[in-house]
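K.L.:
Handing over coords-v1.cif, mmCIF, C-alpha atoms.
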```
data_data
loop_
_atom_site.group_PDB
_atom_site.id
_atom_site.type_symbol
_atom_site.label_atom_id
_atom_site.label_comp_id
_atom_site.auth_asym_id
_atom_site.auth_seq_id
_atom_site.Cartn_x
_atom_site.Cartn_y
_atom_site.Cartn_z
ATOM 1 C CA MET P 1 9.370 8.835 -8.556
ATOM 2 C CA GLY P 2 10.533 8.677 -4.955
ATOM 3 C CA HIS P 3 8.914 10.436 -2.050
ATOM 4 C CA ARG P 4 10.640 13.258 -0.267
ATOM 5 C CA THR P 5 10.541 14.733 3.174
ATOM 6 C CA LEU P 6 8.058 17.530 3.634
ATOM 7 C CA GLU P 7 9.407 20.771 4.944
ATOM 8 C CA SER P 8 7.129 23.709 5.769
ATOM 9 C CA ARG P 9 3.991 23.413 3.581
ATOM 10 C CA GLU P 10 5.379 21.701 0.504
ATOM 11 C CA PHE P 11 4.737 18.107 -0.433
ATOM 12 C CA GLU P 12 5.435 16.007 -3.478
ATOM 13 C CA THR P 13 2.709 15.628 -6.099
ATOM 14 C CA LEU P 14 2.370 12.423 -8.064
ATOM 15 C CA MET P 15 0.439 12.272 -11.313
ATOM 16 C CA HIS P 16 -3.287 11.496 -11.435
ATOM 17 C CA GLU P 17 -4.451 9.085 -14.148
ATOM 18 C CA ILE P 18 -6.248 11.808 -16.090
ATOM 19 C CA THR P 19 -3.180 14.058 -15.829
ATOM 20 C CA LYS P 20 -1.094 11.230 -17.329
ATOM 21 C CA THR P 21 -3.640 10.981 -20.141
ATOM 22 C CA ILE P 22 -3.388 14.696 -20.925
ATOM 23 C CA LYS P 23 0.409 14.612 -20.733
ATOM 24 C CA ALA P 24 0.575 11.650 -23.129
ATOM 25 C CA CYS P 25 -1.662 13.434 -25.655
ATOM 26 C CA ARG P 26 0.485 16.564 -25.491
ATOM 27 C CA GLN P 27 3.712 14.598 -25.898
ATOM 28 C CA ILE P 28 2.372 12.846 -28.995
ATOM 29 C CA ILE P 29 1.360 16.173 -30.528
ATOM 30 C CA ALA P 30 4.673 17.821 -29.589
ATOM 31 C CA SER P 31 6.588 15.002 -31.307
ATOM 32 C CA GLY P 32 4.646 15.521 -34.521
ATOM 33 C CA GLN P 33 2.825 12.208 -34.216
ATOM 34 C CA ARG P 34 -0.811 11.283 -34.366
ATOM 35 C CA GLY P 35 -2.631 9.362 -31.676
ATOM 36 C CA VAL P 36 -5.896 7.902 -30.461
ATOM 37 C CA LEU P 37 -7.597 8.741 -27.163
ATOM 38 C CA ILE P 38 -9.844 5.944 -25.892
ATOM 39 C CA THR P 39 -12.448 6.579 -23.193
ATOM 40 C CA VAL P 40 -14.583 3.868 -21.590
ATOM 41 C CA LEU P 41 -18.162 5.178 -21.786
ATOM 42 C CA SER P 42 -20.058 2.299 -20.197
ATOM 43 C CA THR P 43 -19.691 -1.318 -19.167
ATOM 44 C CA GLN P 44 -21.903 -4.281 -18.349
ATOM 45 C CA GLY P 45 -20.955 -7.444 -16.559
ATOM 46 C CA SER P 46 -17.378 -8.183 -15.554
ATOM 47 C CA THR P 47 -14.777 -5.818 -17.045
ATOM 48 C CA TYR P 48 -11.232 -4.873 -16.103
ATOM 49 C CA ARG P 49 -12.006 -1.132 -15.904
ATOM 50 C CA ARG P 50 -15.168 0.922 -15.535
ATOM 51 C CA ALA P 51 -16.587 4.021 -17.208
ATOM 52 C CA GLY P 52 -14.111 6.907 -17.184
ATOM 53 C CA ALA P 53 -10.980 4.796 -17.705
ATOM 54 C CA ARG P 54 -8.761 6.092 -20.513
ATOM 55 C CA ALA P 55 -5.838 5.068 -22.662
ATOM 56 C CA VAL P 56 -3.762 6.892 -25.264
ATOM 57 C CA ILE P 57 -2.114 5.074 -28.186
ATOM 58 C CA SER P 58 0.401 6.786 -30.449
ATOM 59 C CA GLU P 59 0.812 5.939 -34.113
ATOM 60 C CA ARG P 60 4.016 4.132 -33.121
ATOM 61 C CA GLY P 61 1.988 1.850 -30.885
ATOM 62 C CA ASP P 62 3.063 3.274 -27.516
ATOM 63 C CA CYS P 63 0.244 3.032 -24.969
ATOM 64 C CA THR P 64 -0.353 5.133 -21.854
ATOM 65 C CA GLY P 65 -3.090 4.106 -19.438
ATOM 66 C CA ALA P 66 -5.150 0.928 -19.286
ATOM 67 C CA ILE P 67 -8.717 0.006 -20.144
ATOM 68 C CA SER P 68 -8.161 -3.751 -19.975
ATOM 69 C CA GLY P 69 -5.464 -6.219 -19.053
ATOM 70 C CA GLY P 70 -3.844 -5.440 -22.399
ATOM 71 C CA CYS P 71 -5.951 -7.506 -24.793
ATOM 72 C CA ILE P 72 -8.211 -4.654 -25.936
ATOM 73 C CA GLU P 73 -5.278 -2.262 -26.222
ATOM 74 C CA ASN P 74 -3.520 -4.738 -28.530
ATOM 75 C CA ASP P 75 -6.578 -4.940 -30.738
ATOM 76 C CA LEU P 76 -6.923 -1.158 -30.781
ATOM 77 C CA ARG P 77 -3.306 -0.829 -31.909
ATOM 78 C CA GLU P 78 -4.111 -2.946 -34.942
ATOM 79 C CA ARG P 79 -7.056 -0.713 -35.834
ATOM 80 C CA ALA P 80 -5.418 2.622 -35.052
ATOM 81 C CA ASP P 81 -3.838 3.092 -38.500
ATOM 82 C CA VAL P 82 -7.268 3.196 -40.136
ATOM 83 C CA TRP P 83 -8.708 5.596 -37.578
ATOM 84 C CA LEU P 84 -5.748 7.960 -37.800
ATOM 85 C CA GLU P 85 -6.366 8.707 -41.481
ATOM 86 C CA HIS P 86 -8.602 11.677 -40.672
ATOM 87 C CA ALA P 87 -11.358 9.410 -39.417
ATOM 88 C CA PRO P 88 -13.936 11.112 -37.171
ATOM 89 C CA PRO P 89 -14.457 10.138 -33.516
ATOM 90 C CA ARG P 90 -16.648 7.090 -33.138
ATOM 91 C CA VAL P 91 -18.196 4.798 -30.539
ATOM 92 C CA ILE P 92 -17.362 1.100 -30.686
ATOM 93 C CA SER P 93 -18.211 -1.880 -28.480
ATOM 94 C CA TYR P 94 -16.381 -4.956 -27.248
ATOM 95 C CA ASP P 95 -18.502 -7.933 -26.238
ATOM 96 C CA ALA P 96 -16.777 -10.713 -24.303
ATOM 97 C CA THR P 97 -19.984 -12.427 -23.224
ATOM 98 C CA ARG P 98 -20.268 -14.486 -26.409
ATOM 99 C CA PRO P 99 -19.088 -18.107 -26.197
ATOM 100 C CA ASP P 100 -17.188 -17.623 -29.485
ATOM 101 C CA ASP P 101 -15.212 -14.668 -28.124
ATOM 102 C CA ILE P 102 -11.971 -16.527 -28.771
ATOM 103 C CA VAL P 103 -12.815 -16.393 -32.486
ATOM 104 C CA PHE P 104 -12.970 -12.598 -32.255
ATOM 105 C CA GLY P 105 -9.260 -12.716 -31.625
ATOM 106 C CA LEU P 106 -9.170 -11.576 -28.027
ATOM 107 C CA GLY P 107 -10.341 -14.366 -25.760
ATOM 108 C CA LEU P 108 -11.004 -11.777 -23.050
ATOM 109 C CA GLY P 109 -10.681 -13.003 -19.489
ATOM 110 C CA CYS P 110 -13.466 -10.687 -18.304
ATOM 111 C CA ARG P 111 -17.003 -11.659 -19.298
ATOM 112 C CA GLY P 112 -18.599 -8.298 -19.991
ATOM 113 C CA THR P 113 -19.213 -5.612 -22.587
ATOM 114 C CA MET P 114 -17.525 -2.236 -22.984
ATOM 115 C CA GLN P 115 -18.539 0.812 -25.010
ATOM 116 C CA LEU P 116 -15.592 3.002 -26.013
ATOM 117 C CA LEU P 117 -15.217 6.427 -27.546
ATOM 118 C CA ILE P 118 -12.363 6.509 -30.068
ATOM 119 C CA GLU P 119 -10.905 9.986 -30.705
ATOM 120 C CA PRO P 120 -8.109 10.209 -33.296
ATOM 121 C CA PHE P 121 -6.025 13.347 -32.815
ATOM 122 C CA ASP P 122 -3.029 15.322 -34.010
ATOM 123 C CA ALA P 123 -1.781 18.913 -33.823
ATOM 124 C CA LYS P 124 -4.626 20.167 -36.053
ATOM 125 C CA ARG P 125 -7.355 18.355 -34.151
ATOM 126 C CA PRO P 126 -6.245 18.030 -30.508
ATOM 127 C CA PRO P 127 -8.532 16.223 -28.061
ATOM 128 C CA ARG P 128 -10.769 18.598 -26.135
ATOM 129 C CA ILE P 129 -9.580 17.256 -22.783
ATOM 130 C CA ILE P 130 -6.060 18.709 -23.071
ATOM 131 C CA ASP P 131 -7.284 22.309 -23.213
ATOM 132 C CA GLU P 132 -10.529 22.229 -21.265
ATOM 133 C CA PHE P 133 -9.878 19.975 -18.287
ATOM 134 C CA HIS P 134 -8.583 21.876 -15.253
ATOM 135 C CA TRP P 135 -8.141 20.807 -11.630
ATOM 136 C CA ASN P 136 -9.871 22.880 -8.977
ATOM 137 C CA GLY P 137 -7.526 22.502 -6.039
ATOM 138 C CA ARG P 138 -8.464 19.442 -3.975
ATOM 139 C CA ARG P 139 -12.125 19.610 -4.999
ATOM 140 C CA PRO P 140 -13.716 17.058 -7.360
ATOM 141 C CA VAL P 141 -14.150 18.108 -10.992
ATOM 142 C CA THR P 142 -17.235 17.358 -13.089
ATOM 143 C CA TRP P 143 -16.208 16.428 -16.623
ATOM 144 C CA SER P 144 -18.345 15.494 -19.635
ATOM 145 C CA THR P 145 -17.027 13.461 -22.554
ATOM 146 C CA MET P 146 -18.661 14.855 -25.682
ATOM 147 C CA LEU P 147 -19.370 13.690 -29.230
ATOM 148 C CA GLU P 148 -21.025 15.987 -31.770
ATOM 149 C CA GLY P 149 -22.351 18.227 -29.022
ATOM 150 C CA ARG P 150 -23.789 15.369 -26.947
ATOM 151 C CA ALA P 151 -22.548 14.345 -23.518
ATOM 152 C CA LEU P 152 -21.813 10.628 -23.693
ATOM 153 C CA LEU P 153 -20.395 10.389 -20.189
ATOM 154 C CA THR P 154 -20.474 12.780 -17.237
ATOM 155 C CA GLU P 155 -18.215 11.864 -14.339
ATOM 156 C CA THR P 156 -16.950 13.293 -11.096
ATOM 157 C CA ILE P 157 -13.160 13.084 -11.108
ATOM 158 C CA VAL P 158 -11.609 13.130 -7.648
ATOM 159 C CA PRO P 159 -7.962 14.108 -7.056
ATOM 160 C CA GLU P 160 -5.633 11.285 -6.077
ATOM 161 C CA PRO P 161 -5.542 10.443 -2.340
ATOM 162 C CA SER P 162 -3.027 12.421 -0.320
ATOM 163 C CA LEU P 163 -1.201 10.777 2.593
ATOM 164 C CA VAL P 164 1.026 12.330 5.226
ATOM 165 C CA ILE P 165 3.320 10.076 7.254
ATOM 166 C CA PHE P 166 4.777 11.327 10.527
ATOM 167 C CA GLY P 167 7.999 9.569 11.423
ATOM 168 C CA GLY P 168 11.567 9.005 10.342
ATOM 169 C CA GLY P 169 12.299 5.374 11.102
ATOM 170 C CA PRO P 170 13.099 2.646 8.568
ATOM 171 C CA ASP P 171 9.490 1.417 8.690
ATOM 172 C CA VAL P 172 8.272 4.672 7.084
ATOM 173 C CA ALA P 173 9.848 4.113 3.659
ATOM 174 C CA PRO P 174 7.863 0.955 2.744
ATOM 175 C CA VAL P 175 4.575 2.719 3.516
ATOM 176 C CA ALA P 176 5.563 5.656 1.340
ATOM 177 C CA ARG P 177 6.724 3.409 -1.512
ATOM 178 C CA ILE P 178 3.560 1.323 -1.612
ATOM 179 C CA ALA P 179 1.302 4.397 -1.382
ATOM 180 C CA GLU P 180 3.207 6.048 -4.230
ATOM 181 C CA ALA P 181 3.061 2.859 -6.284
ATOM 182 C CA VAL P 182 -0.736 3.057 -6.326
ATOM 183 C CA GLY P 183 -0.635 6.711 -7.357
ATOM 184 C CA TRP P 184 -1.109 8.583 -4.096
ATOM 185 C CA ARG P 185 0.525 11.851 -3.157
ATOM 186 C CA VAL P 186 2.814 11.208 -0.214
ATOM 187 C CA ALA P 187 4.573 13.496 2.238
ATOM 188 C CA VAL P 188 6.908 12.295 4.982
ATOM 189 C CA ILE P 189 7.360 14.631 7.949
ATOM 190 C CA ARG P 190 10.281 13.835 10.200
ATOM 191 C CA THR P 191 10.619 15.294 13.666
ATOM 192 C CA ARG P 192 13.838 17.089 12.738
ATOM 193 C CA ASP P 193 12.080 18.841 9.838
ATOM 194 C CA VAL P 194 8.848 19.872 11.545
ATOM 195 C CA HIS P 195 8.573 19.257 15.288
ATOM 196 C CA PRO P 196 5.234 17.725 16.356
ATOM 197 C CA GLU P 197 4.479 20.827 18.460
ATOM 198 C CA GLU P 198 4.681 22.916 15.255
ATOM 199 C CA VAL P 199 2.682 20.656 12.936
ATOM 200 C CA ALA P 200 -0.674 22.357 13.538
ATOM 201 C CA GLU P 201 0.894 25.718 12.688
ATOM 202 C CA LYS P 202 3.306 24.827 9.882
ATOM 203 C CA VAL P 203 1.571 22.003 8.005
ATOM 204 C CA ASP P 204 -1.639 22.429 6.019
ATOM 205 C CA LEU P 205 -3.407 19.319 7.291
ATOM 206 C CA GLY P 206 -6.407 20.133 5.109
ATOM 207 C CA ALA P 207 -4.314 19.105 2.107
ATOM 208 C CA PHE P 208 -4.328 15.450 3.201
ATOM 209 C CA ASP P 209 -6.944 12.706 3.175
ATOM 210 C CA ALA P 210 -5.079 10.387 5.526
ATOM 211 C CA ALA P 211 -2.381 10.538 8.180
ATOM 212 C CA VAL P 212 -0.191 7.715 9.502
ATOM 213 C CA ILE P 213 1.671 8.334 12.770
ATOM 214 C CA MET P 214 4.862 6.285 13.176
ATOM 215 C CA THR P 215 7.122 8.280 15.492
ATOM 216 C CA HIS P 216 7.561 5.535 18.142
ATOM 217 C CA ASN P 217 7.447 8.348 20.730
ATOM 218 C CA TYR P 218 4.523 8.562 23.150
ATOM 219 C CA LEU P 219 4.566 12.334 23.642
ATOM 220 C CA TYR P 220 5.071 13.020 19.933
ATOM 221 C CA ASP P 221 2.167 10.726 19.106
ATOM 222 C CA MET P 222 -0.122 12.485 21.562
ATOM 223 C CA THR P 223 0.762 15.865 20.084
ATOM 224 C CA LEU P 224 0.178 14.632 16.545
ATOM 225 C CA LEU P 225 -3.136 13.027 17.447
ATOM 226 C CA SER P 226 -4.223 16.309 19.024
ATOM 227 C CA ALA P 227 -3.472 18.034 15.719
ATOM 228 C CA THR P 228 -4.791 15.485 13.210
ATOM 229 C CA LEU P 229 -7.960 14.172 14.859
ATOM 230 C CA PRO P 230 -9.790 17.554 14.887
ATOM 231 C CA SER P 231 -8.690 18.248 11.291
ATOM 232 C CA SER P 232 -10.553 17.382 8.084
ATOM 233 C CA ILE P 233 -8.331 14.312 7.575
ATOM 234 C CA GLU P 234 -10.595 11.279 7.112
ATOM 235 C CA TYR P 235 -8.222 8.582 8.346
ATOM 236 C CA VAL P 236 -5.730 8.759 11.205
ATOM 237 C CA GLY P 237 -3.683 5.616 11.823
ATOM 238 C CA LEU P 238 -1.420 5.074 14.817
ATOM 239 C CA LEU P 239 1.345 2.493 14.914
ATOM 240 C CA GLY P 240 1.492 0.498 18.136
ATOM 241 C CA PRO P 241 -0.628 -1.805 20.302
ATOM 242 C CA ARG P 242 -4.281 -1.179 21.115
ATOM 243 C CA SER P 243 -3.587 -0.425 24.791
ATOM 244 C CA ARG P 244 -1.160 2.356 23.870
ATOM 245 C CA GLY P 245 -3.662 3.887 21.487
ATOM 246 C CA GLU P 246 -6.388 3.836 24.145
ATOM 247 C CA GLU P 247 -4.064 5.523 26.646
ATOM 248 C CA LEU P 248 -3.297 8.272 24.141
ATOM 249 C CA LEU P 249 -6.964 8.820 23.248
ATOM 250 C CA ALA P 250 -7.802 9.126 26.949
ATOM 251 C CA GLN P 251 -5.509 12.150 27.132
ATOM 252 C CA ILE P 252 -6.882 13.973 24.074
ATOM 253 C CA GLU P 253 -8.887 17.003 25.133
ATOM 254 C CA ASN P 254 -12.410 17.448 23.770
ATOM 255 C CA LEU P 255 -12.376 14.074 22.027
ATOM 256 C CA THR P 256 -15.621 13.595 20.059
ATOM 257 C CA PRO P 257 -17.189 10.379 18.713
ATOM 258 C CA ALA P 258 -16.321 11.525 15.173
ATOM 259 C CA MET P 259 -12.672 12.001 16.129
ATOM 260 C CA ARG P 260 -12.545 8.573 17.766
ATOM 261 C CA ALA P 261 -14.186 6.987 14.715
ATOM 262 C CA LYS P 262 -11.461 8.204 12.352
ATOM 263 C CA MET P 263 -8.730 6.824 14.620
ATOM 264 C CA HIS P 264 -7.315 3.413 13.633
ATOM 265 C CA SER P 265 -5.254 1.706 16.300
ATOM 266 C CA PRO P 266 -3.901 -0.901 15.917
ATOM 267 C CA ILE P 267 -3.244 0.251 12.385
ATOM 268 C CA GLY P 268 -3.747 -1.854 9.265
ATOM 269 C CA LEU P 269 -5.802 -4.789 8.021
ATOM 270 C CA ASP P 270 -5.378 -8.288 9.415
ATOM 271 C CA LEU P 271 -3.121 -9.708 6.681
ATOM 272 C CA GLY P 272 -0.817 -11.663 8.935
ATOM 273 C CA ALA P 273 1.824 -8.969 8.407
ATOM 274 C CA ASP P 274 5.208 -9.361 10.070
ATOM 275 C CA THR P 275 7.952 -7.631 8.069
ATOM 276 C CA PRO P 276 8.031 -3.846 7.557
ATOM 277 C CA GLU P 277 6.946 -4.339 3.935
ATOM 278 C CA GLU P 278 4.031 -6.572 4.911
ATOM 279 C CA ILE P 279 2.956 -4.118 7.609
ATOM 280 C CA ALA P 280 3.148 -1.291 5.076
ATOM 281 C CA LEU P 281 0.898 -3.246 2.719
ATOM 282 C CA ALA P 282 -1.635 -3.776 5.517
ATOM 283 C CA ILE P 283 -1.580 -0.063 6.353
ATOM 284 C CA VAL P 284 -2.027 1.182 2.796
ATOM 285 C CA ALA P 285 -4.767 -1.375 2.158
ATOM 286 C CA GLU P 286 -6.686 -0.168 5.219
ATOM 287 C CA VAL P 287 -6.366 3.479 4.197
ATOM 288 C CA GLN P 288 -7.642 2.570 0.720
ATOM 289 C CA ALA P 289 -10.634 0.733 2.186
ATOM 290 C CA VAL P 290 -11.546 3.615 4.488
ATOM 291 C CA LEU P 291 -11.220 6.326 1.844
ATOM 292 C CA ARG P 292 -13.238 4.287 -0.675
ATOM 293 C CA GLN P 293 -15.749 3.245 2.003
ATOM 294 C CA ARG P 294 -15.246 -0.442 1.356
ATOM 295 C CA SER P 295 -15.472 -3.368 3.728
ATOM 296 C CA ALA P 296 -12.039 -4.903 2.883
ATOM 297 C CA ALA P 297 -13.758 -8.304 2.845
ATOM 298 C CA PHE P 298 -12.938 -11.165 0.478
ATOM 299 C CA LEU P 299 -14.418 -10.427 -2.973
ATOM 300 C CA ARG P 300 -15.409 -14.078 -3.309
ATOM 301 C CA ASP P 301 -17.759 -13.688 -0.326
ATOM 302 C CA GLY P 302 -19.642 -10.754 -1.821
ATOM 303 C CA ASP P 303 -22.750 -10.741 -3.985
ATOM 304 C CA GLY P 304 -22.963 -9.043 -7.355
ATOM 305 C CA SER P 305 -20.296 -7.229 -9.332
ATOM 306 C CA ILE P 306 -16.900 -6.695 -7.700
ATOM 307 C CA HIS P 307 -17.138 -3.039 -8.740
ATOM 308 C CA GLU P 308 -20.351 -2.397 -6.818
ATOM 309 C CA ILE P 309 -19.919 -0.235 -3.752
ATOM 310 C CA ALA P 310 -19.817 -2.415 -0.652
ATOM 311 C CA ARG P 311 -19.722 0.063 2.170
ATOM 312 C CA ALA P 312 -18.206 -0.992 5.437
ATOM 313 C CA SER P 313 -20.761 -1.619 8.126
#
```
Could you render the structure from this file as structure tokens?
P.N.:
Amino acid sequence: MGHRTLESREFETLMHEITKTIKACRQIIASGQRGVLITVLSTQGSTYRRAGARAVISERGDCTGAISGGCIENDLRERADVWLEHAPPRVISYDATRPDDIVFGLGLGCRGTMQLLIEPFDAKRPPRIIDEFHWNGRRPVTWSTMLEGRALLTETIVPEPSLVIFGGGPDVAPVARIAEAVGWRVAVIRTRDVHPEEVAEKVDLGAFDAAVIMTHNYLYDMTLLSATLPSSIEYVGLLGPRSRGEELLAQIENLTPAMRAKMHSPIGLDLGADTPEEIALAIVAEVQAVLRQRSAAFLRDGDGSIHEIARAS
């Protein structure tokens, strides 16, 4: 799905992973098929996904979502026929820590264990999630995965990141494409659609987690910084050299330490980027690191699990 230019207060919405899960369940039911909803309840050691990851497998073998690199899904497909014959929901485990894992038929690349909830469903017994899960605007949702009245997993599900890009040059499109590819909501605001002087009035900046300014116009950039830095947006990135960014910040009225801290100029991680696509990758990677409060360091240099939170210093 391609991005589109934002006009007034509308912006394109891409689909969150849990929304894809619900949609897949509904499509299976609407087609008269049966299916299996798989939810990762817990993990130990190295695993591809963590608790809260989901996948949906139809009786035809079609899979939506991912809980592994594909090996577990393939095994689940083989078992699905048995579970679909009116079998009740159940909890199963996969253990890839054993040295004889290859004998199990998977030979998993990750060396960890996963506990999964298996929920067979059809039109007469739809999964609870499709009727009871509801988004609450841009606020996180607390959701409990249940079995026989017991909460097996309680998680806080956060809406997908939302990025607004100000600019209309050819370097904007790669940023939008990469951000959309990782599932973000993306809006592109061109000067001819909403003039920078009107952004504070016409654009709901509170709907975005991050803003990237790429107008290549000094006065436009100053106006946009004046609008985005005081807003609730967590990340504001400015294209251009450090000296230009410092000059612009010096002209922002009532600039606070918090506003300066959210400003990223030069924009992007140090990836050796040169082409527009490489620069876009560096930008999106930096936004991801900031929003997830990660250091963006090499994983090989860290201690412990790669999924542990390593907050930037």
K.L.:
What does the distance from atom CA of P:Lys20 to atom CA of P:Glu160 come to in Å, to one decimal?
P.N.:
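Atom CA of P:Lys20 sits 12.1 Å away from atom CA of P:Glu160.
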K.L.:
So which one's closest to P:Phe166, P:Leu238, P:Leu41, P:Leu117, P:Met214? Using only C-alpha atoms, please.
P.N.:
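Selected residue with least distance to P:Phe166: P:Met214.
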K.L.:
Taking all atoms listed in the file into account, name the residue in P:Ala173, P:Ala66, P:Ile57, P:Val188 that is nearest to P:Arg79.
P.N.:
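That would be P:Ile57, the residue with the smallest distance to P:Arg79.
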K.L.:
Exactly which residues make up the result of the PyMOL selection byres ((chain P and resi 63) around 10) on this file, given as a CSV table (one decimal) with C-alpha atoms, in the frame of the given file?
P.N.:
```
chain,number,residue,atom,x,y,z
P,24,ALA,CA,0.6,11.6,-23.1
P,35,GLY,CA,-2.6,9.4,-31.7
P,36,VAL,CA,-5.9,7.9,-30.5
P,37,LEU,CA,-7.6,8.7,-27.2
P,55,ALA,CA,-5.8,5.1,-22.7
P,56,VAL,CA,-3.8,6.9,-25.3
P,57,ILE,CA,-2.1,5.1,-28.2
P,58,SER,CA,0.4,6.8,-30.4
P,59,GLU,CA,0.8,5.9,-34.1
P,60,ARG,CA,4.0,4.1,-33.1
P,61,GLY,CA,2.0,1.8,-30.9
P,62,ASP,CA,3.1,3.3,-27.5
P,64,THR,CA,-0.4,5.1,-21.9
P,65,GLY,CA,-3.1,4.1,-19.4
P,66,ALA,CA,-5.2,0.9,-19.3
P,70,GLY,CA,-3.8,-5.4,-22.4
P,73,GLU,CA,-5.3,-2.3,-26.2
P,74,ASN,CA,-3.5,-4.7,-28.5
P,77,ARG,CA,-3.3,-0.8,-31.9
```
K.L.:
Please measure the separation of atom CA of P:Ser144 and atom CA of P:Ala51, giving the value in Å to one decimal.
P.N.:
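Result for atom CA of P:Ser144 versus atom CA of P:Ala51: 11.9 Å, one decimal.
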K.L.:
Go through the shown structure with the PyMOL selection byres ((chain P and resi 190) around 8) and write out the matching residues as a PyMOL selection string.
P.N.:
chain P and resi 5-6+166-168+188-189+191-195
K.L.:
Assuming 6 Å of padding per side, give the centre and edge lengths of the axis-aligned box around every listed atom of stretch 249-259 of chain P, in Å to one decimal and as AutoDock Vina command-line options.
P.N.:
```
--center_x -11.3 --center_y 13.1 --center_z 21.2 --size_x 23.7 --size_y 20.6 --size_z 24.0
```
K.L.:
For the structure shown, which residues end up in the PyMOL selection byres ((chain P and resi 268) around 10)? Put them as a list in words, please?
P.N.:
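Applying the expression gives Gly237, Leu238, Leu239, His264, Ser265, Pro266, Ile267, Leu269, Asp270, Leu271, Ala273, Ile279, Ala280, Leu281, Ala282, Ile283, Val284, Ala285, Glu286 and Val287 of chain P.
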K.L.:
Can you pull out the residues contacting P:Leu255? Cut-off 10 Å, using all atoms listed in the file, and skip same-chain residues under 5 positions away; I want them as a PyMOL selection string.
P.N.:
chain P and resi 226+229-230+249-250+260
K.L.:
Do you have the atom CA of P:Ser42-atom CA of P:Gly112 distance handy?
P.N.:
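If I compute the distance from atom CA of P:Ser42 to atom CA of P:Gly112, I get 10.7 Å.
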K.L.:
Restricting the calculation to all atoms listed in the file, which member of P:Gln33, P:Ser243, P:Thr215, P:Thr43 is positioned closest to P:Asp171?
P.N.:
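Comparing P:Gln33, P:Ser243, P:Thr215, P:Thr43 against P:Asp171, the winner is P:Thr215.
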K.L.:
Pick from P:Tyr235, P:Tyr48, P:Trp135, P:Phe121: nearest to P:Leu205, with all atoms listed in the file counted?
P.N.:
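Of all the options, P:Tyr235 lies closest to P:Leu205.
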K.L.:
Give as a list in words each residue that has an atom at most 9 Å from (-14.7, 15.8, -16.9) in the file, counting only C-alpha atoms.
P.N.:
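Here is the list of nearby residues: Gly52, Ile129, Glu132, Phe133, His134, Val141, Thr142, Trp143, Ser144, Thr145, Leu153, Thr154, Glu155, Thr156 and Ile157 of chain P.
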K.L.:
Would you save the residues of that selection, restricted to C-alpha atoms, as a compact mmCIF listing (two decimals), in the frame of the given file?
P.N.:
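Wrote it out as part39.txt, contents follow:
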```
# COMPACT_ATOMS: atom_id res chain seq x y z
CA GLY P 52 -14.11 6.91 -17.18
CA ILE P 129 -9.58 17.26 -22.78
CA GLU P 132 -10.53 22.23 -21.26
CA PHE P 133 -9.88 19.98 -18.29
CA HIS P 134 -8.58 21.88 -15.25
CA VAL P 141 -14.15 18.11 -10.99
CA THR P 142 -17.24 17.36 -13.09
CA TRP P 143 -16.21 16.43 -16.62
CA SER P 144 -18.34 15.49 -19.64
CA THR P 145 -17.03 13.46 -22.55
CA LEU P 153 -20.40 10.39 -20.19
CA THR P 154 -20.47 12.78 -17.24
CA GLU P 155 -18.22 11.86 -14.34
CA THR P 156 -16.95 13.29 -11.10
CA ILE P 157 -13.16 13.08 -11.11
```
K.L.:
My list of candidates is P:Ser68, P:Pro161, P:Ala289, P:Pro257. Which is closest to P:Glu180 when distances are computed with all atoms listed in the file?
P.N.:
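Closest to P:Glu180 of all the choices is P:Pro161.
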K.L.:
Which residue, P:Leu76, P:Leu299, P:Leu152, P:Ala53, has the smallest gap to P:His16 when you use all atoms listed in the file?
P.N.:
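Closest to P:His16 of all the choices is P:Ala53.
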K.L.:
Using only C-alpha atoms and a cutoff of 10 Å, can you tell me which residues are near (-11.9, 9.8, -33.5) in the file's coordinates, and write them out as a list in words?
P.N.:
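Here is the list of nearby residues: Gly35, Val36, Leu37, Ile38, Ala80, Trp83, Leu84, Glu85, His86, Ala87, Pro88, Pro89, Arg90, Val91, Leu117, Ile118, Glu119, Pro120, Phe121, Arg125, Pro127 and Leu147 of chain P.
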